[in-house]
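Below is the file query30.txt, which contains compact mmCIF, C-alpha atoms.
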# COMPACT_ATOMS: atom_id res chain seq x y z
CA MET J 1 -102.64 -81.28 -59.73
CA SER J 2 -101.97 -79.27 -62.88
CA ILE J 3 -99.05 -76.86 -63.12
CA GLN J 4 -101.42 -73.99 -63.84
CA ARG J 5 -103.40 -74.62 -60.61
CA LYS J 6 -100.18 -75.09 -58.67
CA LEU J 7 -98.85 -71.70 -59.77
CA PHE J 8 -102.19 -69.98 -59.12
CA LEU J 9 -102.58 -71.44 -55.60
CA THR J 10 -98.94 -70.72 -54.82
CA PHE J 11 -99.30 -67.09 -55.79
CA LEU J 12 -102.65 -66.75 -53.91
CA ILE J 13 -101.31 -68.27 -50.70
CA LEU J 14 -98.13 -66.21 -50.77
CA PHE J 15 -100.03 -63.05 -51.47
CA ASN J 16 -102.49 -63.61 -48.57
CA LEU J 17 -99.78 -64.54 -46.13
CA LEU J 18 -97.62 -61.58 -47.06
CA PHE J 19 -100.60 -59.21 -47.12
CA PHE J 20 -101.81 -60.05 -43.62
CA ALA J 21 -98.27 -60.10 -42.26
CA SER J 22 -97.54 -56.67 -43.73
CA LEU J 23 -100.87 -55.29 -42.52
CA PHE J 24 -100.28 -56.58 -39.00
CA PHE J 25 -96.86 -54.99 -38.71
CA LEU J 26 -97.96 -51.70 -40.30
CA GLN J 27 -100.96 -51.39 -37.90
CA ALA J 28 -98.64 -51.92 -35.00
CA ASP J 29 -96.77 -48.85 -36.12
CA LYS J 30 -98.99 -45.84 -35.17
CA SER J 31 -97.34 -43.61 -37.82
CA TYR J 32 -99.42 -45.27 -40.58
CA SER J 33 -103.10 -44.70 -41.15
CA ILE J 34 -105.35 -47.65 -41.87
CA LYS J 35 -105.67 -46.66 -45.54
CA GLY J 36 -101.93 -46.12 -45.94
CA ALA J 37 -101.12 -49.38 -44.19
CA PHE J 38 -103.58 -51.21 -46.42
CA VAL J 39 -102.02 -49.80 -49.63
CA ILE J 40 -98.44 -50.47 -48.50
CA ALA J 41 -99.38 -54.02 -47.43
CA ILE J 42 -100.89 -54.70 -50.85
CA ALA J 43 -97.81 -53.35 -52.64
CA VAL J 44 -95.32 -55.20 -50.46
CA SER J 45 -97.35 -58.43 -50.64
CA LEU J 46 -97.67 -58.19 -54.41
CA LEU J 47 -93.97 -57.53 -54.92
CA LEU J 48 -92.79 -60.28 -52.60
CA SER J 49 -95.35 -62.83 -53.83
CA LEU J 50 -94.38 -62.15 -57.45
CA SER J 51 -90.70 -62.60 -56.62
CA LEU J 52 -91.29 -65.79 -54.67
CA SER J 53 -93.65 -67.09 -57.36
CA TYR J 54 -90.98 -66.48 -60.00
CA PHE J 55 -88.43 -68.60 -58.14
CA ILE J 56 -91.01 -71.28 -57.46
CA SER J 57 -92.17 -71.28 -61.10
CA ARG J 58 -88.55 -71.64 -62.22
CA LYS J 59 -88.23 -74.76 -60.16
CA ILE J 60 -91.44 -76.08 -61.63
CA THR J 61 -90.49 -75.24 -65.25
CA MET J 62 -86.96 -76.67 -65.04
CA PRO J 63 -88.20 -80.16 -66.03
CA ILE J 64 -89.89 -78.58 -69.06
CA ARG J 65 -86.58 -77.10 -70.17
CA ASP J 66 -84.93 -80.49 -69.67
CA MET J 67 -87.59 -82.13 -71.82
CA ILE J 68 -87.16 -79.49 -74.54
CA SER J 69 -83.40 -80.09 -74.54
CA ALA J 70 -83.97 -83.85 -74.60
CA ALA J 71 -86.39 -83.53 -77.53
CA LYS J 72 -83.75 -81.59 -79.48
CA ASP J 73 -81.13 -84.29 -78.74
CA ILE J 74 -83.56 -87.03 -79.77
CA ALA J 75 -84.17 -85.18 -83.03
CA LYS J 76 -80.38 -85.32 -83.61
CA GLY J 77 -80.31 -89.06 -82.90
CA ASP J 78 -78.96 -88.91 -79.33
CA PHE J 79 -81.40 -91.09 -77.39
CA TYR J 80 -81.56 -91.11 -73.57
CA ARG J 81 -84.21 -91.25 -70.85
CA ILE J 82 -85.58 -88.20 -68.96
CA ARG J 83 -86.09 -88.32 -65.18
CA VAL J 84 -88.87 -86.14 -63.65
CA ASP J 85 -89.73 -86.79 -59.98
CA THR J 86 -92.94 -84.77 -59.90
CA LYS J 87 -96.39 -86.37 -59.82
CA ASP J 88 -98.06 -84.04 -62.31
CA GLU J 89 -98.42 -83.70 -66.07
CA LEU J 90 -94.67 -83.20 -66.44
CA HIS J 91 -94.03 -86.67 -65.13
CA GLU J 92 -96.62 -88.07 -67.52
CA LEU J 93 -95.12 -86.11 -70.41
CA SER J 94 -91.61 -87.29 -69.55
CA GLU J 95 -92.78 -90.91 -69.60
CA ILE J 96 -94.39 -90.35 -73.02
CA LEU J 97 -91.15 -88.78 -74.28
CA ASN J 98 -89.14 -91.71 -72.91
CA LEU J 99 -91.48 -94.18 -74.59
CA MET J 100 -91.24 -92.24 -77.86
CA SER J 101 -87.43 -92.16 -77.56
CA ASP J 102 -87.28 -95.92 -76.98
CA GLU J 103 -89.57 -96.68 -79.92
CA LEU J 104 -87.75 -94.24 -82.19
CA LYS J 105 -84.38 -95.74 -81.25
CA LYS J 106 -85.73 -99.22 -81.93
CA LYS J 107 -87.04 -98.16 -85.34
CA MET J 108 -83.77 -96.39 -86.18
CA ASP J 109 -81.75 -99.48 -85.20
CA GLU J 110 -84.01 -101.66 -87.35
CA MET J 111 -83.62 -99.28 -90.28
CA ALA J 112 -79.83 -99.18 -89.83
CA GLU J 113 -79.70 -102.97 -89.65
CA GLY J 114 -81.90 -103.27 -92.73
CA ARG J 115 -79.74 -100.75 -94.58
CA THR J 116 -76.60 -102.67 -93.63
CA ARG J 117 -78.13 -105.92 -94.87
CA LEU J 118 -79.21 -104.25 -98.11
CA ASP J 119 -75.74 -102.72 -98.65
CA THR J 120 -74.12 -106.09 -97.97
CA ILE J 121 -76.41 -107.85 -100.45
CA LEU J 122 -75.91 -105.18 -103.10
CA SER J 123 -72.13 -105.11 -102.70
CA THR J 124 -71.80 -108.91 -102.91
CA MET J 125 -74.07 -109.33 -105.94
CA SER J 126 -72.32 -110.45 -109.10
CA GLU J 127 -75.17 -108.94 -111.14
CA GLY J 128 -75.67 -105.25 -111.76
CA LEU J 129 -78.78 -103.63 -110.27
CA LEU J 130 -80.48 -100.37 -111.20
CA ALA J 131 -83.71 -98.92 -109.77
CA ILE J 132 -85.28 -95.79 -111.26
CA ASP J 133 -88.49 -93.82 -110.87
CA CYS J 134 -91.00 -93.05 -113.60
CA TYR J 135 -89.12 -89.90 -114.60
CA GLY J 136 -85.83 -91.73 -115.14
CA LYS J 137 -84.21 -90.63 -111.88
CA ILE J 138 -81.80 -93.21 -110.43
CA LEU J 139 -82.91 -94.30 -106.96
CA LEU J 140 -80.53 -97.21 -106.41
CA ALA J 141 -77.45 -98.68 -108.09
CA ASN J 142 -75.16 -101.34 -106.68
CA PRO J 143 -71.33 -101.11 -106.92
CA VAL J 144 -71.16 -103.70 -109.74
CA LEU J 145 -73.12 -101.56 -112.19
CA PRO J 146 -70.50 -98.79 -112.72
CA ARG J 147 -67.84 -101.44 -113.36
CA MET J 148 -70.04 -103.22 -115.90
CA PHE J 149 -70.76 -100.17 -118.02
CA GLU J 150 -67.80 -97.91 -117.24
CA LEU J 151 -70.06 -95.32 -115.62
CA LYS J 152 -68.81 -92.05 -114.19
CA LYS J 153 -67.33 -92.32 -110.70
CA GLU J 154 -69.36 -89.37 -109.42
CA PRO J 155 -72.52 -90.00 -107.32
CA VAL J 156 -75.38 -91.28 -109.48
CA ILE J 157 -78.28 -91.41 -106.99
CA GLY J 158 -80.89 -88.75 -107.73
CA ARG J 159 -79.65 -88.08 -111.26
CA SER J 160 -81.24 -88.99 -114.58
CA TYR J 161 -79.99 -92.18 -116.18
CA LEU J 162 -79.44 -90.21 -119.42
CA ASP J 163 -76.79 -88.10 -117.64
CA ILE J 164 -74.93 -91.12 -116.31
CA ILE J 165 -75.25 -93.98 -118.82
CA ARG J 166 -73.44 -93.57 -122.13
CA HIS J 167 -74.77 -96.68 -123.83
CA ASN J 168 -77.40 -96.23 -126.52
CA GLN J 169 -78.70 -99.79 -126.44
CA LEU J 170 -79.13 -99.74 -122.66
CA ASN J 171 -80.75 -96.30 -122.73
CA ASN J 172 -83.22 -97.54 -125.35
CA ILE J 173 -84.13 -100.54 -123.17
CA ILE J 174 -84.76 -98.27 -120.14
CA ARG J 175 -86.82 -95.88 -122.24
CA ASP J 176 -88.96 -98.71 -123.66
CA VAL J 177 -89.68 -100.08 -120.17
CA LEU J 178 -90.64 -96.65 -118.78
CA GLU J 179 -92.90 -95.90 -121.72
CA SER J 180 -94.60 -99.30 -121.98
CA ARG J 181 -94.64 -100.06 -118.21
CA GLN J 182 -94.03 -103.70 -119.19
CA SER J 183 -91.47 -106.15 -117.81
CA ILE J 184 -89.03 -107.40 -120.47
CA VAL J 185 -86.02 -109.69 -120.94
CA ARG J 186 -83.42 -108.70 -123.53
CA GLU J 187 -79.82 -109.30 -124.48
CA MET J 188 -77.38 -106.53 -125.23
CA GLU J 189 -73.71 -106.22 -126.09
CA GLN J 190 -70.96 -103.68 -125.75
CA PHE J 191 -67.67 -103.59 -127.63
CA PHE J 192 -65.72 -100.92 -125.75
CA PRO J 193 -63.41 -101.07 -123.87
CA GLU J 194 -63.85 -104.85 -124.37
CA GLU J 195 -66.41 -107.19 -125.87
CA LYS J 196 -69.13 -108.09 -123.35
CA TYR J 197 -72.65 -109.52 -123.43
CA PHE J 198 -75.45 -108.96 -120.92
CA ALA J 199 -78.89 -110.38 -120.24
CA VAL J 200 -81.20 -107.59 -119.02
CA TYR J 201 -84.19 -108.43 -116.80
CA ALA J 202 -86.51 -105.46 -116.27
CA SER J 203 -89.43 -105.58 -113.79
CA VAL J 204 -92.04 -102.84 -113.36
CA ALA J 205 -93.51 -102.14 -109.90
CA LYS J 206 -97.15 -103.18 -109.46
CA GLU J 207 -98.03 -100.11 -107.41
CA ILE J 208 -96.22 -96.99 -108.49
CA LYS J 209 -96.11 -94.11 -106.01
CA GLU J 210 -94.93 -90.57 -106.66
CA GLY J 211 -91.15 -90.55 -106.27
CA GLY J 212 -91.09 -94.32 -105.68
CA VAL J 213 -89.46 -97.12 -107.66
CA CYS J 214 -90.98 -97.53 -111.12
CA ALA J 215 -88.69 -100.17 -112.63
CA VAL J 216 -85.84 -102.41 -111.48
CA PHE J 217 -83.18 -103.67 -113.92
CA ILE J 218 -80.96 -106.69 -113.27
CA PHE J 219 -77.90 -107.19 -115.50
CA HIS J 220 -76.31 -110.64 -115.86
CA ASP J 221 -72.89 -110.82 -117.49
CA ILE J 222 -73.26 -113.66 -120.01
CA THR J 223 -69.97 -113.01 -121.81
CA LYS J 224 -68.50 -116.37 -120.78
CA ILE J 225 -71.65 -118.20 -121.87
CA LYS J 226 -71.58 -116.45 -125.26
CA ARG J 227 -67.90 -117.26 -125.68
CA LEU J 228 -68.52 -120.90 -124.79
CA GLU J 229 -71.35 -121.02 -127.33
CA ARG J 230 -69.05 -119.54 -129.95
CA ILE J 231 -66.26 -121.97 -129.03
CA ARG J 232 -68.70 -124.89 -129.24
CA LYS J 233 -69.93 -123.78 -132.66
CA ASP J 234 -66.37 -123.18 -133.84
CA PHE J 235 -65.35 -126.57 -132.48
CA VAL J 236 -68.10 -128.40 -134.34
CA ALA J 237 -67.27 -126.51 -137.54
CA ASN J 238 -63.51 -126.97 -137.10
CA VAL J 239 -63.57 -130.64 -136.21
CA SER J 240 -65.87 -131.27 -139.17
CA HIS J 241 -63.47 -129.42 -141.43
CA GLU J 242 -60.38 -131.11 -139.95
CA LEU J 243 -61.86 -134.56 -140.45
CA LYS J 244 -63.52 -133.86 -143.78
CA THR J 245 -60.36 -132.55 -145.51
CA PRO J 246 -58.21 -135.69 -145.10
CA LEU J 247 -61.21 -137.99 -145.58
CA THR J 248 -62.07 -136.27 -148.87
CA SER J 249 -58.47 -136.66 -150.02
CA ILE J 250 -58.37 -140.32 -148.98
CA LYS J 251 -61.65 -140.99 -150.76
CA GLY J 252 -60.52 -139.18 -153.91
CA TYR J 253 -57.17 -140.96 -154.20
CA THR J 254 -58.76 -144.31 -153.34
CA GLU J 255 -61.29 -143.85 -156.15
CA ALA J 256 -58.45 -142.88 -158.49
CA LEU J 257 -56.65 -146.10 -157.63
CA ILE J 258 -59.81 -148.13 -158.17
CA ASP J 259 -60.41 -146.44 -161.51
CA GLY J 260 -57.06 -147.68 -162.82
CA ALA J 261 -54.29 -145.59 -161.26
CA ILE J 262 -53.24 -148.71 -159.32
CA ASP J 263 -51.89 -150.16 -162.58
CA ASP J 264 -49.40 -147.28 -162.84
CA SER J 265 -46.85 -148.20 -160.17
CA LYS J 266 -45.40 -144.69 -159.95
CA LYS J 267 -48.80 -143.02 -159.50
CA ALA J 268 -50.04 -145.80 -157.26
CA LYS J 269 -47.06 -145.30 -154.92
CA GLU J 270 -47.56 -141.51 -154.94
CA PHE J 271 -51.29 -141.82 -154.19
CA LEU J 272 -50.70 -144.37 -151.45
CA ASN J 273 -48.15 -142.08 -149.80
CA ILE J 274 -50.70 -139.25 -149.84
CA ILE J 275 -53.36 -141.56 -148.40
CA SER J 276 -50.87 -142.66 -145.71
CA ASN J 277 -50.10 -139.04 -144.78
CA HIS J 278 -53.77 -138.11 -144.50
CA THR J 279 -54.43 -141.27 -142.48
CA GLU J 280 -51.63 -140.31 -140.12
CA ARG J 281 -53.11 -136.85 -139.83
CA LEU J 282 -56.53 -138.32 -138.98
CA ASN J 283 -54.92 -140.57 -136.41
CA ASN J 284 -53.13 -137.59 -134.80
CA ILE J 285 -56.35 -135.57 -134.63
CA ILE J 286 -58.29 -138.43 -133.04
CA THR J 287 -55.45 -139.17 -130.58
CA ASP J 288 -55.28 -135.52 -129.52
CA LEU J 289 -59.07 -135.30 -129.25
CA LEU J 290 -59.21 -138.38 -127.05
CA GLN J 291 -56.38 -137.08 -124.89
CA LEU J 292 -57.98 -133.66 -124.56
CA SER J 293 -61.38 -135.19 -123.79
CA TYR J 294 -59.78 -137.37 -121.10
CA ILE J 295 -58.10 -134.36 -119.44
CA GLU J 296 -61.23 -132.20 -119.63
CA SER J 297 -63.52 -134.93 -118.28
CA GLY J 298 -62.05 -134.63 -114.79
CA GLN J 299 -60.95 -138.26 -114.78
CA TYR J 300 -57.33 -137.28 -115.26
CA LYS J 301 -55.45 -136.77 -112.01
CA PRO J 302 -51.78 -135.77 -112.41
CA LYS J 303 -49.36 -138.35 -110.99
CA ALA J 304 -47.48 -135.50 -109.41
CA SER J 305 -44.08 -136.18 -107.90
CA LYS J 306 -40.67 -134.58 -107.65
CA ALA J 307 -39.36 -134.03 -111.18
CA GLY J 308 -36.13 -132.54 -112.46
CA LEU J 309 -37.10 -129.82 -114.91
CA LYS J 310 -33.86 -129.85 -116.92
CA ALA J 311 -34.07 -133.61 -117.54
CA ILE J 312 -37.68 -133.32 -118.80
CA VAL J 313 -36.74 -130.51 -121.20
CA ASP J 314 -33.73 -132.47 -122.49
CA LYS J 315 -36.03 -135.47 -123.15
CA ALA J 316 -38.51 -133.31 -125.10
CA VAL J 317 -35.70 -131.70 -127.11
CA SER J 318 -34.25 -135.10 -128.01
CA LEU J 319 -37.61 -136.14 -129.53
CA LEU J 320 -37.53 -133.07 -131.80
CA LYS J 321 -33.77 -132.97 -132.40
CA SER J 322 -33.96 -133.84 -136.11
CA ASN J 323 -36.46 -131.02 -136.81
CA ILE J 324 -34.32 -128.55 -134.86
CA GLU J 325 -31.17 -129.52 -136.80
CA LYS J 326 -33.02 -129.54 -140.13
CA LYS J 327 -33.88 -125.83 -139.78
CA HIS J 328 -30.51 -124.95 -138.19
CA PHE J 329 -32.03 -123.50 -135.03
CA THR J 330 -30.06 -122.09 -132.14
CA LEU J 331 -31.37 -123.73 -128.97
CA ASN J 332 -30.80 -121.81 -125.75
CA ILE J 333 -31.73 -123.68 -122.53
CA GLN J 334 -31.44 -121.69 -119.30
CA ILE J 335 -32.59 -124.06 -116.56
CA PRO J 336 -30.62 -124.77 -113.36
CA GLU J 337 -29.71 -128.45 -113.00
CA ASP J 338 -31.07 -128.63 -109.45
CA LEU J 339 -34.43 -126.94 -110.16
CA THR J 340 -37.26 -129.39 -109.38
CA VAL J 341 -41.04 -129.16 -109.67
CA ILE J 342 -44.06 -131.18 -108.55
CA ALA J 343 -45.51 -132.59 -111.76
CA ASP J 344 -46.51 -135.60 -113.84
CA GLU J 345 -43.30 -136.17 -115.87
CA ASP J 346 -45.00 -137.73 -118.92
CA LYS J 347 -47.61 -134.96 -119.22
CA LEU J 348 -45.05 -132.20 -118.58
CA SER J 349 -42.85 -133.70 -121.31
CA LEU J 350 -45.88 -133.51 -123.64
CA VAL J 351 -46.28 -129.82 -122.75
CA PHE J 352 -42.67 -129.07 -123.76
CA VAL J 353 -42.95 -131.19 -126.94
CA ASN J 354 -46.05 -129.22 -128.05
CA LEU J 355 -44.55 -125.81 -127.25
CA ILE J 356 -41.15 -126.56 -128.84
CA ASP J 357 -42.83 -128.16 -131.89
CA ASN J 358 -44.93 -125.00 -132.33
CA ALA J 359 -41.83 -122.85 -132.10
CA ILE J 360 -40.13 -124.99 -134.78
CA LYS J 361 -43.13 -124.83 -137.14
CA TYR J 362 -43.66 -121.08 -136.96
CA THR J 363 -40.04 -119.90 -136.92
CA SER J 364 -37.95 -119.47 -140.05
CA GLU J 365 -34.62 -121.23 -140.54
CA LYS J 366 -31.68 -120.21 -138.33
CA GLY J 367 -34.07 -118.86 -135.73
CA THR J 368 -33.61 -119.09 -131.97
CA ILE J 369 -35.62 -121.03 -129.40
CA THR J 370 -35.06 -120.10 -125.76
CA ILE J 371 -36.29 -122.22 -122.86
CA LYS J 372 -35.96 -120.60 -119.43
CA ALA J 373 -37.05 -121.43 -115.89
CA GLU J 374 -36.60 -119.61 -112.59
CA GLY J 375 -37.96 -119.98 -109.08
CA LYS J 376 -40.59 -117.47 -107.95
CA ASN J 377 -41.23 -118.05 -104.22
CA LYS J 378 -43.24 -121.31 -104.09
CA ASP J 379 -43.65 -121.49 -107.89
CA VAL J 380 -41.45 -121.92 -110.92
CA LEU J 381 -41.95 -119.65 -113.95
CA ILE J 382 -41.15 -121.41 -117.23
CA SER J 383 -41.06 -119.89 -120.71
CA VAL J 384 -40.57 -121.15 -124.27
CA ALA J 385 -39.74 -118.27 -126.63
CA ASP J 386 -39.03 -118.14 -130.37
CA THR J 387 -38.08 -115.55 -132.97
CA GLY J 388 -40.80 -116.56 -135.40
CA MET J 389 -43.75 -114.92 -137.15
CA GLY J 390 -45.48 -113.88 -133.91
CA ILE J 391 -49.18 -113.73 -133.07
CA PRO J 392 -51.51 -110.73 -133.56
CA LYS J 393 -52.91 -109.26 -130.33
CA TYR J 394 -56.49 -110.17 -131.25
CA ASP J 395 -55.56 -113.87 -131.57
CA LEU J 396 -53.61 -114.07 -128.29
CA VAL J 397 -56.77 -114.47 -126.19
CA ARG J 398 -58.00 -117.40 -128.33
CA ILE J 399 -54.90 -119.41 -129.21
CA PHE J 400 -55.56 -121.92 -126.41
CA GLU J 401 -58.98 -122.80 -127.85
CA ARG J 402 -59.38 -126.15 -129.61
CA PHE J 403 -58.65 -125.99 -133.36
CA TYR J 404 -57.98 -122.25 -133.21
CA ARG J 405 -55.27 -121.25 -135.66
CA VAL J 406 -53.70 -117.89 -136.43
CA ASP J 407 -52.66 -118.92 -139.95
CA LYS J 408 -55.03 -121.73 -140.95
CA GLU J 409 -53.50 -122.49 -144.34
CA ARG J 410 -49.93 -122.62 -143.07
CA SER J 411 -50.91 -124.62 -139.99
CA SER J 412 -52.57 -127.29 -142.12
CA GLU J 413 -49.53 -127.46 -144.41
CA LEU J 414 -47.28 -127.96 -141.38
CA GLY J 415 -49.39 -130.86 -140.14
CA GLY J 416 -50.67 -129.37 -136.92
CA THR J 417 -53.95 -130.63 -135.44
CA GLY J 418 -54.87 -127.31 -133.79
CA LEU J 419 -55.17 -129.05 -130.41
CA GLY J 420 -51.63 -128.80 -129.05
CA LEU J 421 -51.98 -125.52 -127.14
CA SER J 422 -55.38 -126.54 -125.78
CA ILE J 423 -53.78 -129.72 -124.40
CA VAL J 424 -50.96 -127.62 -122.89
CA LYS J 425 -53.46 -125.34 -121.19
CA HIS J 426 -55.47 -128.16 -119.63
CA ILE J 427 -52.40 -130.08 -118.44
CA ILE J 428 -50.91 -127.02 -116.73
CA GLU J 429 -54.24 -126.05 -115.14
CA SER J 430 -54.74 -129.61 -113.88
CA HIS J 431 -51.39 -129.15 -112.06
CA GLY J 432 -52.70 -125.99 -110.40
CA GLY J 433 -50.65 -123.68 -112.62
CA ARG J 434 -51.58 -121.08 -115.18
CA VAL J 435 -50.51 -120.51 -118.78
CA TRP J 436 -50.44 -117.45 -121.02
CA ALA J 437 -48.70 -116.04 -124.09
CA GLU J 438 -47.06 -112.80 -125.13
CA SER J 439 -46.18 -111.96 -128.69
CA GLU J 440 -45.36 -109.28 -131.21
CA PRO J 441 -45.94 -109.91 -134.92
CA ASN J 442 -42.73 -110.64 -136.87
CA LYS J 443 -40.65 -110.59 -133.68
CA GLY J 444 -41.60 -113.87 -132.07
CA SER J 445 -43.75 -115.36 -129.34
CA SER J 446 -43.22 -116.37 -125.70
CA PHE J 447 -45.34 -118.96 -123.91
CA TYR J 448 -45.28 -118.87 -120.12
CA PHE J 449 -46.59 -121.29 -117.50
CA THR J 450 -46.15 -121.89 -113.80
CA LEU J 451 -45.73 -125.03 -111.70
CA ARG J 452 -45.34 -125.69 -108.01
CA ARG J 453 -41.75 -125.75 -106.89
CA HIS J 454 -40.34 -128.73 -104.96
CA ASP J 455 -38.15 -127.51 -102.10
Turn the structure described in the file into structure tokens.
Amino acid sequence: MSIQRKLFLTFLILFNLLFFASLFFLQADKSYSIKGAFVIAIAVSLLLSLSLSYFISRKITMPIRDMISAAKDIAKGDFYRIRVDTKDELHELSEILNLMSDELKKKMDEMAEGRTRLDTILSTMSEGLLAIDCYGKILLANPVLPRMFELKKEPVIGRSYLDIIRHNQLNNIIRDVLESRQSIVREMEQFFPEEKYFAVYASVAKEIKEGGVCAVFIFHDITKIKRLERIRKDFVANVSHELKTPLTSIKGYTEALIDGAIDDSKKAKEFLNIISNHTERLNNIITDLLQLSYIESGQYKPKASKAGLKAIVDKAVSLLKSNIEKKHFTLNIQIPEDLTVIADEDKLSLVFVNLIDNAIKYTSEKGTITIKAEGKNKDVLISVADTGMGIPKYDLVRIFERFYRVDKERSSELGGTGLGLSIVKHIIESHGGRVWAESEPNKGSSFYFTLRRHD
């Protein structure tokens, strides 16, 4: 039965009951006329029936108030079920509200789960991602993007890309995609605050809706790939140059000997000495290249064992003693006698020979070479410092590359192959350590590396 019919029947029954009851009692009292009793009975019945109907209607409408309150809570995201024990429309409505609440909660949970998955994917991406609408408004940007392009730390969602991105090349790419509505692949570079290269993949949505995503941009950091390409090109050019220079000299002096210089004993001896020096240089380059190739190939496994660091340094110094004395260097070794590391002794000795030999070559006479080592928790920090010509800041990041030289002319004159520091780097890294350099022009250089400490 409907609520409306319930209220109407309730009022009608109450009114009739009260009317006849009032009329009966008033007729029993002889002081009232029939007309007066009839009027008073109607008034009393109407008043009492309205009052009783009000209380009854309150009881009936209470579930409605509960449902209104529940609907407001559901709108706020507080989902719970409504209980109505009646057998009318209110019960049916409450069941519909409960069903709606359950479905809404399910959808909200799915959306929250989907959002969490999306946030997780976006936050773990190594690539930058940017989604914008057709008017250039940013709809989505993952956390990597601001770090890639040094964007403002303020919220970017809902703002124009022109207000956020301060990179002309990138802005031009975005503009071209929005205007042409064509997917593109381009490369771009930036030089501040550091040199970086990016591959940009732009995709345009097939169906574009008002306020929806128009284009998605994916940014891959290809800086390492570009640097490797540059290193490879430099390596090919450098190794060609390094081999061609002594070979040209050998060929030239050999031809001179053939053409008659061999008959002049003084010149013949001089030319043969030059040929011998260049041959030795070629041999050193090839030896270092083979050694470096062996280490880089992954075939080399350090024969790591307990090694006394002071003894290894003393051995390396003894091999270079004549060069140290020739230039009147002051050698300062600060290594505790009992300090031991886990390392391949032969390869570690080669590391010290290369670093000390570099210090000798690029430090003027009466300079100072300092070799220090100290324990740092489970590691040992080792340094080889000199008071030589130093290294410009720009060159510091590249000095461990093969054939890279700060002063090419002087390095060639000193007989270096340009591979020593690269060998040092690969040996230390194969031991699980790391190597780096610090320097100030005209004040000297310090080369640092770490090794595992043997307790």
Considering all atoms listed in the file, give me a table of residues in stretch 226-328 of chain J that are at most 12 Å from stretch 431-439 of chain J, with the closest atom pair and distance in Å for each, as CSV.
residue,atom,partner,partner_atom,distance
J:Ile295,CA,J:His431,CA,11.3
J:Tyr300,CA,J:His431,CA,10.6
J:Lys301,CA,J:His431,CA,8.6
J:Pro302,CA,J:His431,CA,6.6
J:Lys303,CA,J:His431,CA,9.5
J:Ala304,CA,J:His431,CA,7.9
J:Ser305,CA,J:His431,CA,11.0
Using all atoms listed in the file, which protein or nucleic acid residues come within 10 Å of J:Ser349? Drop anything in the same chain fewer than 5 positions from it, and give the result as a ChimeraX atom specification. /J:309,311-317,343-344,354
Need the shell around J:Lys76: protein/DNA/RNA residues with any atom at most 12 Å away, counting only C-alpha atoms. Skip same-chain ones fewer than 5 positions apart. Format as a list of chain:residue names?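 Returned residues: J:Ser69, J:Ala70, J:Ala71, J:Ser101, J:Leu104, J:Lys105, J:Met108.
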Of the residues J:Leu243, J:Ile132, J:Leu170, J:Ile423, which is the one nearest to J:Tyr294, using all atoms listed in the file?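 When distances to J:Tyr294 are compared using all atoms listed in the file, the smallest one comes from J:Ile423.
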If I take atom CA of J:Met188 and atom CA of J:Asn172, how far is one from the other in Å, to one decimal? 10.7 Å
For a test of reading the model, state the distance in Å between atom CA of J:Arg230 and atom CA of J:Lys196, rounded to one decimal. 13.2 Å
Env of J:Asp133: 7 Å cut, atoms = all atoms listed in the file, seq-sep filter 2 positions within chain, self excluded. Answer as a PyMOL selection string. chain J and resi 135-139+211-215
Leaving out stretch 387-402 of chain J and any residue of its chain fewer than 4 positions from it, which residues lie within 8 Å of it when counting only C-alpha atoms, given as a PDB file with C-alpha atoms, in the coordinates of the input?
ATOM      1  CA  ILE J 231     -66.260-121.970-129.030  1.00  0.00           C
ATOM      2  CA  PHE J 235     -65.350-126.570-132.480  1.00  0.00           C
ATOM      3  CA  ALA J 359     -41.830-122.850-132.100  1.00  0.00           C
ATOM      4  CA  TYR J 362     -43.660-121.080-136.960  1.00  0.00           C
ATOM      5  CA  THR J 363     -40.040-119.900-136.920  1.00  0.00           C
ATOM      6  CA  SER J 364     -37.950-119.470-140.050  1.00  0.00           C
ATOM      7  CA  GLY J 367     -34.070-118.860-135.730  1.00  0.00           C
ATOM      8  CA  THR J 368     -33.610-119.090-131.970  1.00  0.00           C
ATOM      9  CA  ILE J 369     -35.620-121.030-129.400  1.00  0.00           C
ATOM     10  CA  VAL J 406     -53.700-117.890-136.430  1.00  0.00           C
ATOM     11  CA  GLY J 418     -54.870-127.310-133.790  1.00  0.00           C
ATOM     12  CA  LEU J 419     -55.170-129.050-130.410  1.00  0.00           C
ATOM     13  CA  LEU J 421     -51.980-125.520-127.140  1.00  0.00           C
ATOM     14  CA  SER J 422     -55.380-126.540-125.780  1.00  0.00           C
ATOM     15  CA  LYS J 425     -53.460-125.340-121.190  1.00  0.00           C
ATOM     16  CA  ALA J 437     -48.700-116.040-124.090  1.00  0.00           C
ATOM     17  CA  GLU J 438     -47.060-112.800-125.130  1.00  0.00           C
ATOM     18  CA  SER J 439     -46.180-111.960-128.690  1.00  0.00           C
ATOM     19  CA  GLU J 440     -45.360-109.280-131.210  1.00  0.00           C
ATOM     20  CA  PRO J 441     -45.940-109.910-134.920  1.00  0.00           C
ATOM     21  CA  ASN J 442     -42.730-110.640-136.870  1.00  0.00           C
ATOM     22  CA  LYS J 443     -40.650-110.590-133.680  1.00  0.00           C
ATOM     23  CA  GLY J 444     -41.600-113.870-132.070  1.00  0.00           C
ATOM     24  CA  SER J 445     -43.750-115.360-129.340  1.00  0.00           C
TER      25      SER J 445
END
Separation of atom CA of J:Asn98 and atom CA of J:Ile64, in Å?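 Interatomic distance here is 13.7 Å.
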With distances taken over only C-alpha atoms, which of J:Asp221, J:Asp346, J:Asp338, J:Asp263 is nearest to J:Gly128?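 Among J:Asp221, J:Asp346, J:Asp338, J:Asp263, it is J:Asp221 that comes nearest to J:Gly128.
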